[in-house]
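A short worksheet on the structure shown next.
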Amino acid sequence: MNKVAAGVLFAILTCWPLVARSKTDVIVMNNGDRLTCEIKRLDRSVLSVSTDPLGKASVHWGEVADLASPRAFDVQLGSGEHHLGSLAASD
């Protein structure tokens, strides 16, 4: 293997953890199903997620009963107000 190829391989393997976040977000559907995923975005009542077995998926917000995530999100309401923080299950 030449030095350039070895350098590219090293860069890919070193940066991979920055690209691939762990799938630790949990969505609970109205029917009780639980989906472990990575929440990507919520836009116009469509929750976009990424899962290991399915890849990219979309869930209508009306089908979501609950969700939780340890990561920080920037949530903008329809009024324009911003909230920054993690998502937790409601009580």
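In the structure tokens, each chain is lettered A, B, ... as it comes, each chain's residues begin at 1, and ligands are numbered from 1 in order of appearance.
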Counting only C-alpha atoms, give me one row per residue of segment 13-73 of chain A with an atom at most 12 Å from an atom of segment 80-84 of chain A, showing the shortest contact pair and its distance in Å to one decimal, sorted by chain then residue number, as JSON lines.
{"residue": "A:Arg71", "atom": "CA", "partner": "A:Leu84", "partner_atom": "CA", "distance": 10.3}
{"residue": "A:Ala72", "atom": "CA", "partner": "A:Leu84", "partner_atom": "CA", "distance": 6.6}
{"residue": "A:Phe73", "atom": "CA", "partner": "A:Leu84", "partner_atom": "CA", "distance": 5.6}
Q: Would you mind reading off the distance between atom CA of Leu77 of chain A and atom CA of Thr24 of chain A, one decimal, in Å?
A: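 Atom CA of Leu77 of chain A sits 24.1 Å away from atom CA of Thr24 of chain A.
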Q) Given the choices A:Gly62, A:Lys56, A:Ala88, A:Pro70, which gets closest to Lys40 of chain A if the distance is worked out from only C-alpha atoms? A) A:Lys56
**Q.** atom CA of Val28 of chain A to atom CA of Asp74 of chain A, distance in Å rounded to a single decimal
**A.** 20.8 Å
Q) For Leu87 of chain A, which residue among A:Met29, A:Val75, A:Ser69, A:Glu63 is the nearest when counting only C-alpha atoms? A) A:Ser69
Q.
Here is a test: counting only C-alpha atoms, which residue of A:Arg34, A:Asp25, A:Asp66, A:Ser86 is nearest to Val49 of chain A?
A. A:Asp25
Non-local contacts of Trp61 of chain A (8 Å; only C-alpha atoms; under 2 positions in same chain excluded) as a PDB file with all heavy atoms, in the first residue's frame:
ATOM      1  N   SER A  45     -44.374  18.377  10.701  1.00  0.00           N
ATOM      2  CA  SER A  45     -44.992  17.166  11.256  1.00  0.00           C
ATOM      3  C   SER A  45     -44.393  15.872  10.744  1.00  0.00           C
ATOM      4  O   SER A  45     -44.983  14.802  10.908  1.00  0.00           O
ATOM      5  CB  SER A  45     -46.503  17.154  11.003  1.00  0.00           C
ATOM      6  OG  SER A  45     -47.104  18.251  11.642  1.00  0.00           O
ATOM      7  N   VAL A  46     -43.202  15.914  10.141  1.00  0.00           N
ATOM      8  CA  VAL A  46     -42.515  14.698   9.697  1.00  0.00           C
ATOM      9  C   VAL A  46     -41.183  14.606  10.453  1.00  0.00           C
ATOM     10  O   VAL A  46     -40.329  15.481  10.327  1.00  0.00           O
ATOM     11  CB  VAL A  46     -42.281  14.688   8.174  1.00  0.00           C
ATOM     12  CG1 VAL A  46     -41.486  13.455   7.771  1.00  0.00           C
ATOM     13  CG2 VAL A  46     -43.602  14.744   7.431  1.00  0.00           C
ATOM     14  N   LEU A  47     -41.057  13.542  11.250  1.00  0.00           N
ATOM     15  CA  LEU A  47     -39.843  13.292  12.009  1.00  0.00           C
ATOM     16  C   LEU A  47     -38.930  12.416  11.167  1.00  0.00           C
ATOM     17  O   LEU A  47     -39.294  11.287  10.821  1.00  0.00           O
ATOM     18  CB  LEU A  47     -40.190  12.593  13.329  1.00  0.00           C
ATOM     19  CG  LEU A  47     -39.066  12.344  14.313  1.00  0.00           C
ATOM     20  CD1 LEU A  47     -38.471  13.661  14.807  1.00  0.00           C
ATOM     21  CD2 LEU A  47     -39.563  11.521  15.478  1.00  0.00           C
ATOM     22  N   VAL A  59     -41.345   9.459  10.079  1.00  0.00           N
ATOM     23  CA  VAL A  59     -42.457   9.113  10.953  1.00  0.00           C
ATOM     24  C   VAL A  59     -43.332  10.353  11.081  1.00  0.00           C
ATOM     25  O   VAL A  59     -42.825  11.448  11.341  1.00  0.00           O
ATOM     26  CB  VAL A  59     -41.943   8.684  12.351  1.00  0.00           C
ATOM     27  CG1 VAL A  59     -43.087   8.383  13.288  1.00  0.00           C
ATOM     28  CG2 VAL A  59     -40.987   7.509  12.246  1.00  0.00           C
ATOM     29  N   GLU A  63     -48.108  10.139  15.047  1.00  0.00           N
ATOM     30  CA  GLU A  63     -47.962   8.738  15.450  1.00  0.00           C
ATOM     31  C   GLU A  63     -46.989   8.560  16.609  1.00  0.00           C
ATOM     32  O   GLU A  63     -46.806   7.451  17.103  1.00  0.00           O
ATOM     33  CB  GLU A  63     -47.501   7.890  14.267  1.00  0.00           C
ATOM     34  CG  GLU A  63     -48.492   7.854  13.119  1.00  0.00           C
ATOM     35  CD  GLU A  63     -49.821   7.245  13.529  1.00  0.00           C
ATOM     36  OE1 GLU A  63     -49.817   6.225  14.251  1.00  0.00           O
ATOM     37  OE2 GLU A  63     -50.860   7.808  13.149  1.00  0.00           O
ATOM     38  N   VAL A  64     -46.338   9.656  17.045  1.00  0.00           N
ATOM     39  CA  VAL A  64     -45.335   9.587  18.112  1.00  0.00           C
ATOM     40  C   VAL A  64     -46.003   9.848  19.456  1.00  0.00           C
ATOM     41  O   VAL A  64     -46.604  10.905  19.663  1.00  0.00           O
ATOM     42  CB  VAL A  64     -44.200  10.614  17.868  1.00  0.00           C
ATOM     43  CG1 VAL A  64     -43.206  10.610  19.022  1.00  0.00           C
ATOM     44  CG2 VAL A  64     -43.493  10.308  16.557  1.00  0.00           C
TER      45      VAL A  64
END
